[in-house]
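Colleague: What follows is data04.pdb, made up of PDB, C-alpha atoms:
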ATOM      1  CA  MET A  26     -20.528 -36.168  20.105  1.00  0.00           C
ATOM      2  CA  SER A  27     -16.823 -36.754  20.660  1.00  0.00           C
ATOM      3  CA  ILE A  28     -14.007 -34.552  19.457  1.00  0.00           C
ATOM      4  CA  ALA A  29     -13.039 -37.092  16.786  1.00  0.00           C
ATOM      5  CA  GLU A  30     -16.588 -37.065  15.413  1.00  0.00           C
ATOM      6  CA  GLN A  31     -16.625 -33.262  15.350  1.00  0.00           C
ATOM      7  CA  GLN A  32     -13.376 -33.144  13.387  1.00  0.00           C
ATOM      8  CA  GLN A  33     -14.709 -35.615  10.794  1.00  0.00           C
ATOM      9  CA  SER A  34     -17.945 -33.727  10.270  1.00  0.00           C
ATOM     10  CA  PRO A  35     -18.197 -32.523   6.644  1.00  0.00           C
ATOM     11  CA  PHE A  36     -20.197 -29.479   7.691  1.00  0.00           C
ATOM     12  CA  GLN A  37     -17.906 -26.756   8.899  1.00  0.00           C
ATOM     13  CA  PRO A  38     -19.283 -23.341   9.798  1.00  0.00           C
ATOM     14  CA  ARG A  39     -18.516 -20.812   7.102  1.00  0.00           C
ATOM     15  CA  GLN A  40     -16.255 -17.945   7.914  1.00  0.00           C
ATOM     16  CA  PRO A  41     -17.806 -14.552   7.219  1.00  0.00           C
ATOM     17  CA  ALA A  42     -16.438 -12.820   4.152  1.00  0.00           C
ATOM     18  CA  PRO A  43     -13.981 -10.035   4.998  1.00  0.00           C
ATOM     19  CA  GLN A  44     -15.489  -6.591   4.602  1.00  0.00           C
ATOM     20  CA  PRO A  45     -13.520  -4.014   2.625  1.00  0.00           C
ATOM     21  CA  SER A  46     -12.202  -1.276   4.832  1.00  0.00           C
ATOM     22  CA  GLY A  47     -11.963   2.394   4.014  1.00  0.00           C
ATOM     23  CA  GLY A  48      -8.498   2.513   5.569  1.00  0.00           C
ATOM     24  CA  ASP A  49      -6.785   1.710   2.284  1.00  0.00           C
ATOM     25  CA  ARG A  50      -8.428   4.692   0.590  1.00  0.00           C
ATOM     26  CA  VAL A  51      -7.383   7.039   3.385  1.00  0.00           C
ATOM     27  CA  GLN A  52      -3.867   5.643   3.381  1.00  0.00           C
ATOM     28  CA  THR A  53      -3.600   6.069  -0.387  1.00  0.00           C
ATOM     29  CA  LEU A  54      -4.879   9.638  -0.155  1.00  0.00           C
ATOM     30  CA  LEU A  55      -2.357  10.510   2.553  1.00  0.00           C
ATOM     31  CA  VAL A  56       0.533   8.960   0.622  1.00  0.00           C
ATOM     32  CA  ALA A  57      -0.503  10.896  -2.508  1.00  0.00           C
ATOM     33  CA  LEU A  58      -0.688  14.121  -0.496  1.00  0.00           C
ATOM     34  CA  VAL A  59       2.778  13.603   0.975  1.00  0.00           C
ATOM     35  CA  VAL A  60       4.231  12.806  -2.462  1.00  0.00           C
ATOM     36  CA  LEU A  61       2.640  15.941  -3.894  1.00  0.00           C
ATOM     37  CA  LEU A  62       4.058  18.113  -1.109  1.00  0.00           C
ATOM     38  CA  VAL A  63       7.534  16.614  -1.499  1.00  0.00           C
ATOM     39  CA  LEU A  64       7.468  17.189  -5.263  1.00  0.00           C
ATOM     40  CA  ALA A  65       6.320  20.778  -4.760  1.00  0.00           C
ATOM     41  CA  ALA A  66       9.109  21.453  -2.253  1.00  0.00           C
ATOM     42  CA  THR A  67      11.660  19.828  -4.575  1.00  0.00           C
ATOM     43  CA  GLY A  68      10.485  21.900  -7.527  1.00  0.00           C
ATOM     44  CA  TYR A  69      10.725  25.073  -5.455  1.00  0.00           C
ATOM     45  CA  ALA A  70      14.259  24.161  -4.314  1.00  0.00           C
ATOM     46  CA  CYS A  71      15.348  23.531  -7.927  1.00  0.00           C
ATOM     47  CA  VAL A  72      13.940  26.864  -9.115  1.00  0.00           C
ATOM     48  CA  THR A  73      15.448  28.761  -6.194  1.00  0.00           C
ATOM     49  CA  HIS A  74      18.846  26.997  -6.265  1.00  0.00           C
ATOM     50  CA  PRO A  75      19.712  25.834  -9.821  1.00  0.00           C
ATOM     51  CA  ALA A  76      22.926  24.191  -8.592  1.00  0.00           C
ATOM     52  CA  LEU A  77      20.822  21.523  -6.874  1.00  0.00           C
ATOM     53  CA  THR A  78      19.140  20.383 -10.086  1.00  0.00           C
ATOM     54  CA  ASP A  79      21.679  17.632 -10.914  1.00  0.00           C
ATOM     55  CA  VAL A  80      21.559  16.223  -7.381  1.00  0.00           C
ATOM     56  CA  VAL A  81      17.776  16.301  -7.308  1.00  0.00           C
ATOM     57  CA  ALA A  82      17.636  14.537 -10.699  1.00  0.00           C
ATOM     58  CA  ALA A  83      19.803  11.694  -9.344  1.00  0.00           C
ATOM     59  CA  VAL A  84      17.627  11.328  -6.260  1.00  0.00           C
ATOM     60  CA  ALA A  85      14.500  11.417  -8.442  1.00  0.00           C
ATOM     61  CA  GLY A  86      15.847   8.478 -10.453  1.00  0.00           C
ATOM     62  CA  VAL A  87      16.211   6.398  -7.302  1.00  0.00           C
ATOM     63  CA  ALA A  88      12.810   7.553  -6.037  1.00  0.00           C
ATOM     64  CA  THR A  89      11.192   6.428  -9.284  1.00  0.00           C
ATOM     65  CA  VAL A  90      12.466   2.888  -8.774  1.00  0.00           C
ATOM     66  CA  LEU A  91      11.277   2.899  -5.156  1.00  0.00           C
ATOM     67  CA  ALA A  92       7.841   4.204  -6.167  1.00  0.00           C
ATOM     68  CA  ALA A  93       7.494   1.481  -8.794  1.00  0.00           C
ATOM     69  CA  THR A  94       8.443  -1.176  -6.235  1.00  0.00           C
ATOM     70  CA  PHE A  95       5.949   0.257  -3.745  1.00  0.00           C
ATOM     71  CA  THR A  96       3.204   0.231  -6.379  1.00  0.00           C
ATOM     72  CA  VAL A  97       3.859  -3.402  -7.280  1.00  0.00           C
ATOM     73  CA  ALA A  98       3.890  -4.397  -3.600  1.00  0.00           C
ATOM     74  CA  CYS A  99       0.564  -2.634  -2.952  1.00  0.00           C
ATOM     75  CA  THR A 100      -1.003  -4.202  -6.027  1.00  0.00           C
ATOM     76  CA  LEU A 101       0.078  -7.696  -5.016  1.00  0.00           C
ATOM     77  CA  ARG A 102      -1.162  -7.107  -1.470  1.00  0.00           C
ATOM     78  CA  GLN A 103      -4.685  -6.411  -2.693  1.00  0.00           C
ATOM     79  CA  ARG A 104      -4.940  -9.774  -4.492  1.00  0.00           C
TER
END
Can the structure from this file be put into C-alpha coordinates for me?
Modeller:
Amino acid sequence: MSIAEQQQSPFQPRQPAPQPSGGDRVQTLLVALVVLLVLAATGYACVTHPALTDVVAAVAGVATVLAATFTVACTLRQR
(Lines of atoms letter the chains of each structure in order from A and count residues from 1; the text may use other names and numbers.)
(Lines give C-alpha, C1' and ligand atoms only; values in the text may rest on other atoms or scores of the structure.)
Protein backbone atom coordinates (compact mmCIF):
# COMPACT_ATOMS: atom_id res chain seq x y z
CA MET A 1 0.00 0.00 0.00
CA SER A 2 1.44 3.36 -1.00
CA ILE A 3 1.49 6.49 1.09
CA ALA A 4 -1.23 8.08 -1.06
CA GLU A 5 -3.50 5.09 -0.48
CA GLN A 6 -2.88 5.23 3.27
CA GLN A 7 -3.81 8.91 3.40
CA GLN A 8 -7.08 8.28 1.52
CA SER A 9 -8.12 5.41 3.75
CA PRO A 10 -11.40 6.27 5.54
CA PHE A 11 -10.41 4.18 8.55
CA GLN A 12 -8.14 6.14 10.82
CA PRO A 13 -7.06 4.70 14.16
CA ARG A 14 -8.93 6.32 17.01
CA GLN A 15 -7.02 8.37 19.48
CA PRO A 16 -7.49 7.23 23.07
CA ALA A 17 -9.69 9.49 25.15
CA PRO A 18 -7.71 11.72 27.52
CA GLN A 19 -7.88 10.53 31.11
CA PRO A 20 -8.73 13.09 33.78
CA SER A 21 -5.79 13.83 35.99
CA GLY A 22 -5.83 14.45 39.71
CA GLY A 23 -3.38 17.32 39.26
CA ASP A 24 -6.15 19.87 38.84
CA ARG A 25 -7.66 18.91 42.19
CA VAL A 26 -4.31 19.20 43.95
CA GLN A 27 -3.59 22.51 42.26
CA THR A 28 -7.00 23.87 43.26
CA LEU A 29 -6.49 22.73 46.85
CA LEU A 30 -3.08 24.40 47.04
CA VAL A 31 -4.38 27.65 45.56
CA ALA A 32 -7.27 27.65 48.06
CA LEU A 33 -4.84 27.02 50.92
CA VAL A 34 -2.58 29.89 49.86
CA VAL A 35 -5.57 32.24 49.50
CA LEU A 36 -6.79 31.27 52.96
CA LEU A 37 -3.38 31.91 54.51
CA VAL A 38 -3.06 35.28 52.78
CA LEU A 39 -6.52 36.33 53.96
CA ALA A 40 -5.71 35.24 57.51
CA ALA A 41 -2.45 37.21 57.51
CA THR A 42 -4.23 40.25 56.06
CA GLY A 43 -6.97 40.07 58.68
CA TYR A 44 -4.37 39.83 61.44
CA ALA A 45 -2.48 42.84 60.04
CA CYS A 46 -5.70 44.90 59.90
CA VAL A 47 -6.61 44.04 63.50
CA THR A 48 -3.09 44.71 64.75
CA HIS A 49 -2.54 47.91 62.72
CA PRO A 50 -5.86 49.72 62.07
CA ALA A 51 -4.11 52.37 59.96
CA LEU A 52 -3.56 49.75 57.26
CA THR A 53 -7.26 49.02 56.81
CA ASP A 54 -7.84 51.57 54.01
CA VAL A 55 -4.79 50.38 52.06
CA VAL A 56 -5.76 46.74 52.48
CA ALA A 57 -9.31 47.51 51.30
CA ALA A 58 -7.95 49.08 48.09
CA VAL A 59 -5.71 46.09 47.43
CA ALA A 60 -8.62 43.73 48.16
CA GLY A 61 -10.68 45.48 45.47
CA VAL A 62 -7.98 44.83 42.89
CA ALA A 63 -7.52 41.26 44.13
CA THR A 64 -11.23 40.60 43.70
CA VAL A 65 -11.04 41.53 40.02
CA LEU A 66 -7.95 39.35 39.55
CA ALA A 67 -9.62 36.41 41.32
CA ALA A 68 -12.69 36.72 39.10
CA THR A 69 -10.49 36.78 35.98
CA PHE A 70 -8.58 33.73 37.22
CA THR A 71 -11.83 31.87 37.87
CA VAL A 72 -13.15 32.60 34.39
CA ALA A 73 -9.85 31.53 32.81
CA CYS A 74 -9.84 28.23 34.74
CA THR A 75 -13.46 27.56 33.84
CA LEU A 76 -12.84 28.15 30.15
CA ARG A 77 -9.73 25.97 30.27
CA GLN A 78 -11.74 22.98 31.47
CA ARG A 79 -14.11 23.11 28.48
Colleague: Near A:Val56, counting all atoms listed in the file, which residues have an atom at most 12 Å away, once you skip same-chain residues fewer than 5 positions from it, shown as a list of chain:residue names?
Modeller: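 Contacts, in chain order: A:Asp49, A:Arg50, A:Val51, A:Leu61, A:Leu62, A:Val63, A:Ala92, A:Phe95, A:Thr96.
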Colleague: How many Å separate atom CA of A:Val90 from atom CA of A:Thr73?
Modeller: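 These atoms are spaced 26.2 Å apart.
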Colleague: So how many Å separate atom CA of A:Leu54 and atom CA of A:Thr100, to one decimal?
Modeller: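 Separating atom CA of A:Leu54 from atom CA of A:Thr100 is a distance of 15.5 Å.
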Colleague: Just the number, please: distance in Å from atom CA of A:Ala66 to atom CA of A:Cys99, one decimal.
Modeller: 25.6 Å
Colleague: Would you pick out the contacts of stretch 79-86 of chain A at 10 Å or less, using all atoms listed in the file, so that residues sharing its chain but fewer than 6 positions from it are not included, and give the list as number ranges by chain?
Modeller: A: 64, 67-68, 70-71
Colleague: Restrict the selected residues to C-alpha atoms and save them as a short mmCIF file (atom, residue, chain, number, x, y, z; two decimals), in the frame of the given file.
Modeller:
data_model
loop_
_atom_site.label_atom_id
_atom_site.label_comp_id
_atom_site.auth_asym_id
_atom_site.auth_seq_id
_atom_site.Cartn_x
_atom_site.Cartn_y
_atom_site.Cartn_z
CA LEU A 64 7.47 17.19 -5.26
CA THR A 67 11.66 19.83 -4.58
CA GLY A 68 10.48 21.90 -7.53
CA ALA A 70 14.26 24.16 -4.31
CA CYS A 71 15.35 23.53 -7.93
#
